[in-house]
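> Pasting in a structure now, in structure tokens, and then I'll have a few things to ask.
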Amino acid sequence: MSHVFPPPLDRSYLVEDGRVRTRSLEAHVVDHCNLTCAECCSLSPHLPRWFVDPAALARDLDQARQVLAPRVFKLVGGEPLLHPEIVDLVRIAKRSRIAPRVSITTNGLLLGRALDALWELVDAMTISVYPEPKIERARIEARAALFGVDINWKEQTHFVLMNRARPCTDPAENAAIYDGCWIRERCHMIRDGRFYMCTRPPHFTSLHRGALDFTGDGIPLDAGVEQLLAYLERPEPLQACAHCHGGSAPTAPHRLLTRTELVRR
């Protein structure tokens, strides 16, 4: 599968059988990662270790299924394979019937130790491929073929420069970033009983360790279909937009942060 960047915008949301039809929905099941990619959109190198509670994911999915009908549900991170209960998380996602397909987004480095049970449960995997470190594609493809898992190789030679050194105070610029950002329609996320059109607000909350709170950028999962639809179609930018250059910002070659860079932050 080839990826077009930036992807085309598509903000038409239909309500079918009492649920809002969306492209995808994701849950970040860990915040940390085994890589330190500069400009990570999830801010993983700078976030504390965190694992989702399987019971919390089950509750969120039970609520989400009442109002959302995504085509695919994604278990994301950080690196989701770091979660010690990743098999149970996939099982919970499948059992929820939130979407016809359940996928994992991973860097692939830990797939060599993945249990057969994981391969048996998951429908697809998106594997981010960086210039370094290398992964064994042939071995992964053979395993995927054995279990009938679709593999989407996502070449990531460059990362989008989304992160701001300081927040933008220009309302017009923040509105323009929000208006032109594809992330708000392709990276819908559930966390702690809330739905976010964008993954950045929950991660900004974690990044600032409580000094700044971005939970207002989301909406309660039990708000109802009408409120959810109004939220998705809102013209006003999110609070997080002031802290972000948006998904269509310029890119830079992929690189890993050094230990010194991580300590300085």
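By convention here, the chains of the structure tokens are called A, B, ... in the order presented, each chain's residues are numbered starting at 1, and ligands are numbered starting at 1 in the order presented.
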Excluding stretch 234-237 of chain A and residues on its chain fewer than 2 positions from it, collect all residues at most 7 Å away from it, counting only C-alpha atoms, and give them as a list in words.
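What passes the distance filter is Asn174, Ala175, Tyr178, Ala230, Tyr231, Leu232, Gln239 and Cys241 of chain A.
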> May I have the residues within 10 Å of A:Thr199 as a VMD selection string, using only C-alpha atoms and disregarding those fewer than 5 positions away in the same chain?
chain A and resid 26 to 28 41 to 42 183 to 184 186 to 191 204 218 240
> Could you write out that same residue set with C-alpha atoms as a PDB file, in the first residue's frame?

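Here's the written file again_32.pdb:
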```
ATOM      1  CA  GLU A  26      -7.394   4.146  18.029  1.00  0.00           C
ATOM      2  CA  ALA A  27      -6.322   3.620  21.613  1.00  0.00           C
ATOM      3  CA  HIS A  28      -2.759   4.252  22.697  1.00  0.00           C
ATOM      4  CA  CYS A  41       3.960  12.558  16.940  1.00  0.00           C
ATOM      5  CA  SER A  42       3.073  10.722  20.155  1.00  0.00           C
ATOM      6  CA  ILE A 183      -4.763  14.439  11.799  1.00  0.00           C
ATOM      7  CA  ARG A 184      -8.143  15.601  13.160  1.00  0.00           C
ATOM      8  CA  ARG A 186      -7.559  10.264  10.657  1.00  0.00           C
ATOM      9  CA  CYS A 187      -6.287   9.958  14.230  1.00  0.00           C
ATOM     10  CA  HIS A 188      -9.419   9.718  16.374  1.00  0.00           C
ATOM     11  CA  MET A 189      -8.612   8.419  19.825  1.00  0.00           C
ATOM     12  CA  ILE A 190     -10.295   7.155  22.993  1.00  0.00           C
ATOM     13  CA  ARG A 191      -8.812   7.527  26.445  1.00  0.00           C
ATOM     14  CA  PHE A 204       0.296  17.059  25.745  1.00  0.00           C
ATOM     15  CA  GLY A 218     -12.038  15.940  23.933  1.00  0.00           C
ATOM     16  CA  ALA A 240      -3.656  21.787  21.432  1.00  0.00           C
TER      17      ALA A 240
END
```
> Using DSSP assignments from the backbone, pull out every residue in stretch 110-243 of chain A that falls under strand (DSSP E or B) and give it to me as a short mmCIF file (atom, residue, chain, number, x, y, z; two decimals) with N, CA and C atoms, in the first residue's frame.

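Done, and the output landed in out-v6.cif:
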```
data_model
loop_
_atom_site.label_atom_id
_atom_site.label_comp_id
_atom_site.auth_asym_id
_atom_site.auth_seq_id
_atom_site.Cartn_x
_atom_site.Cartn_y
_atom_site.Cartn_z
N ALA A 124 -4.72 -7.18 11.22
CA ALA A 124 -3.74 -6.47 10.40
C ALA A 124 -2.70 -5.81 11.29
N MET A 125 -1.58 -5.47 10.68
CA MET A 125 -0.54 -4.71 11.36
C MET A 125 -0.02 -3.65 10.41
N THR A 126 0.14 -2.44 10.93
CA THR A 126 0.89 -1.41 10.22
C THR A 126 2.25 -1.32 10.87
N ILE A 127 3.29 -1.55 10.07
CA ILE A 127 4.65 -1.59 10.62
C ILE A 127 5.42 -0.39 10.07
N SER A 128 5.82 0.49 10.98
CA SER A 128 6.61 1.66 10.59
C SER A 128 8.05 1.22 10.34
N VAL A 129 8.55 1.56 9.18
CA VAL A 129 9.90 1.16 8.78
C VAL A 129 10.79 2.39 8.74
N ASP A 150 -2.86 -9.20 7.52
CA ASP A 150 -2.46 -8.22 6.50
C ASP A 150 -1.39 -7.30 7.06
N ILE A 151 -0.32 -7.12 6.29
CA ILE A 151 0.77 -6.25 6.70
C ILE A 151 0.80 -5.01 5.82
N ASN A 152 0.82 -3.85 6.47
CA ASN A 152 0.96 -2.58 5.78
C ASN A 152 2.32 -1.99 6.17
N TRP A 153 3.28 -2.06 5.25
CA TRP A 153 4.61 -1.50 5.51
C TRP A 153 4.56 0.01 5.30
N LYS A 154 4.85 0.76 6.34
CA LYS A 154 4.78 2.22 6.27
C LYS A 154 6.19 2.80 6.35
N GLU A 155 6.75 3.14 5.20
CA GLU A 155 8.10 3.70 5.16
C GLU A 155 8.09 5.08 5.80
N HIS A 158 10.99 10.18 6.91
CA HIS A 158 10.90 11.54 7.41
C HIS A 158 9.79 11.65 8.45
N PHE A 159 9.94 12.58 9.37
CA PHE A 159 8.92 12.86 10.38
C PHE A 159 8.45 14.30 10.21
N VAL A 160 7.16 14.53 10.47
CA VAL A 160 6.59 15.87 10.39
C VAL A 160 7.04 16.69 11.60
N ASN A 163 6.03 19.65 16.49
CA ASN A 163 6.20 20.14 17.86
C ASN A 163 6.71 21.59 17.89
N MET A 189 -9.19 9.16 18.70
CA MET A 189 -8.61 8.42 19.83
C MET A 189 -9.57 8.38 21.01
N ILE A 190 -9.56 7.25 21.74
CA ILE A 190 -10.30 7.16 22.99
C ILE A 190 -9.30 6.99 24.14
N ARG A 191 -9.66 7.64 25.27
CA ARG A 191 -8.81 7.53 26.44
C ARG A 191 -9.56 8.03 27.68
N ARG A 194 -13.05 9.45 27.27
CA ARG A 194 -13.23 10.59 26.39
C ARG A 194 -12.84 10.23 24.96
N PHE A 195 -13.44 10.96 24.02
CA PHE A 195 -13.13 10.82 22.60
C PHE A 195 -12.41 12.08 22.15
N TYR A 196 -11.30 11.90 21.43
CA TYR A 196 -10.53 13.02 20.89
C TYR A 196 -10.44 12.88 19.38
N ILE A 219 -14.23 15.03 24.22
CA ILE A 219 -15.64 15.02 24.59
C ILE A 219 -15.95 13.69 25.27
N PRO A 220 -16.80 13.68 26.31
CA PRO A 220 -17.13 12.41 26.96
C PRO A 220 -17.74 11.41 25.97
#
```
> So which bits of stretch 25-211 of chain A end up helix (DSSP H, G or I) when you DSSP the backbone, as a count of residues only?
72
> Got a sec: who's within 12 Å of A:Leu256, counting only C-alpha atoms, leaving out chain neighbours fewer than 5 positions off, as an NGL selection string?
:A and (33-40 or 44-45 or 130-133 or 157-159 or 261-262)
> For N, CA and C atoms, I'd like the residues from the last selection saved as a PDB file, in the first residue's frame.

```pdb
ATOM      1  N   CYS A  33       8.118   4.042  24.465  1.00  0.00           N
ATOM      2  CA  CYS A  33       8.548   3.297  23.281  1.00  0.00           C
ATOM      3  C   CYS A  33       9.953   2.758  23.490  1.00  0.00           C
ATOM      4  N   ASN A  34      10.328   1.794  22.668  1.00  0.00           N
ATOM      5  CA  ASN A  34      11.690   1.268  22.695  1.00  0.00           C
ATOM      6  C   ASN A  34      12.604   2.001  21.719  1.00  0.00           C
ATOM      7  N   LEU A  35      12.090   3.042  21.056  1.00  0.00           N
ATOM      8  CA  LEU A  35      12.901   3.916  20.211  1.00  0.00           C
ATOM      9  C   LEU A  35      12.747   5.354  20.703  1.00  0.00           C
ATOM     10  N   THR A  36      13.670   6.203  20.289  1.00  0.00           N
ATOM     11  CA  THR A  36      13.640   7.609  20.715  1.00  0.00           C
ATOM     12  C   THR A  36      13.591   8.507  19.479  1.00  0.00           C
ATOM     13  N   CYS A  37      12.599   8.311  18.638  1.00  0.00           N
ATOM     14  CA  CYS A  37      12.508   9.069  17.388  1.00  0.00           C
ATOM     15  C   CYS A  37      12.284  10.556  17.660  1.00  0.00           C
ATOM     16  N   ALA A  38      13.136  11.375  17.082  1.00  0.00           N
ATOM     17  CA  ALA A  38      12.920  12.820  17.141  1.00  0.00           C
ATOM     18  C   ALA A  38      11.632  13.146  16.397  1.00  0.00           C
ATOM     19  N   GLU A  39      10.893  14.114  16.907  1.00  0.00           N
ATOM     20  CA  GLU A  39       9.628  14.551  16.311  1.00  0.00           C
ATOM     21  C   GLU A  39       8.556  13.462  16.320  1.00  0.00           C
ATOM     22  N   CYS A  40       8.644  12.529  17.237  1.00  0.00           N
ATOM     23  CA  CYS A  40       7.590  11.518  17.387  1.00  0.00           C
ATOM     24  C   CYS A  40       6.259  12.217  17.614  1.00  0.00           C
ATOM     25  N   SER A  44       6.532  10.134  22.507  1.00  0.00           N
ATOM     26  CA  SER A  44       6.898   8.995  23.351  1.00  0.00           C
ATOM     27  C   SER A  44       8.250   9.122  24.058  1.00  0.00           C
ATOM     28  N   PRO A  45       9.305   9.652  23.394  1.00  0.00           N
ATOM     29  CA  PRO A  45      10.582   9.728  24.104  1.00  0.00           C
ATOM     30  C   PRO A  45      10.543  10.614  25.344  1.00  0.00           C
ATOM     31  N   TYR A 130      11.769   2.433   9.637  1.00  0.00           N
ATOM     32  CA  TYR A 130      12.690   3.557   9.714  1.00  0.00           C
ATOM     33  C   TYR A 130      14.031   3.180   9.080  1.00  0.00           C
ATOM     34  N   PRO A 131      14.823   4.176   8.694  1.00  0.00           N
ATOM     35  CA  PRO A 131      16.154   3.851   8.152  1.00  0.00           C
ATOM     36  C   PRO A 131      16.988   3.017   9.123  1.00  0.00           C
ATOM     37  N   GLU A 132      16.875   3.301  10.412  1.00  0.00           N
ATOM     38  CA  GLU A 132      17.532   2.554  11.475  1.00  0.00           C
ATOM     39  C   GLU A 132      16.594   2.517  12.681  1.00  0.00           C
ATOM     40  N   PRO A 133      16.595   1.386  13.402  1.00  0.00           N
ATOM     41  CA  PRO A 133      17.265   0.123  13.140  1.00  0.00           C
ATOM     42  C   PRO A 133      16.502  -0.724  12.111  1.00  0.00           C
ATOM     43  N   THR A 157      10.799   7.540   6.371  1.00  0.00           N
ATOM     44  CA  THR A 157      12.140   8.117   6.256  1.00  0.00           C
ATOM     45  C   THR A 157      12.182   9.533   6.807  1.00  0.00           C
ATOM     46  N   HIS A 158      10.989  10.179   6.912  1.00  0.00           N
ATOM     47  CA  HIS A 158      10.903  11.541   7.409  1.00  0.00           C
ATOM     48  C   HIS A 158       9.785  11.648   8.450  1.00  0.00           C
ATOM     49  N   PHE A 159       9.944  12.582   9.373  1.00  0.00           N
ATOM     50  CA  PHE A 159       8.920  12.864  10.376  1.00  0.00           C
ATOM     51  C   PHE A 159       8.446  14.303  10.208  1.00  0.00           C
ATOM     52  N   GLU A 261      20.166  14.683  24.526  1.00  0.00           N
ATOM     53  CA  GLU A 261      18.956  15.428  24.132  1.00  0.00           C
ATOM     54  C   GLU A 261      17.779  15.062  25.033  1.00  0.00           C
ATOM     55  N   LEU A 262      17.675  13.811  25.414  1.00  0.00           N
ATOM     56  CA  LEU A 262      16.572  13.383  26.255  1.00  0.00           C
ATOM     57  C   LEU A 262      16.712  13.946  27.671  1.00  0.00           C
TER      58      LEU A 262
END
```
> Pick the closest to A:Leu257 from A:Ile104, A:Leu75, A:Leu43, A:Leu14: which is it, counting only C-alpha atoms?
A:Leu43
> Taking only C-alpha atoms into account, name the residue in A:Lys134, A:Val87, A:Gly216, A:Arg23 that is nearest to A:Asp10.
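Residue with the minimum atom-to-atom distance to A:Asp10: A:Arg23.
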> Choose the residue, out of A:Ile140, A:Ala242, A:Leu228, A:Val122, that has the smallest atom-to-atom separation from A:Asn107; count only C-alpha atoms.
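Closest to A:Asn107, using only C-alpha atoms: A:Ile140.
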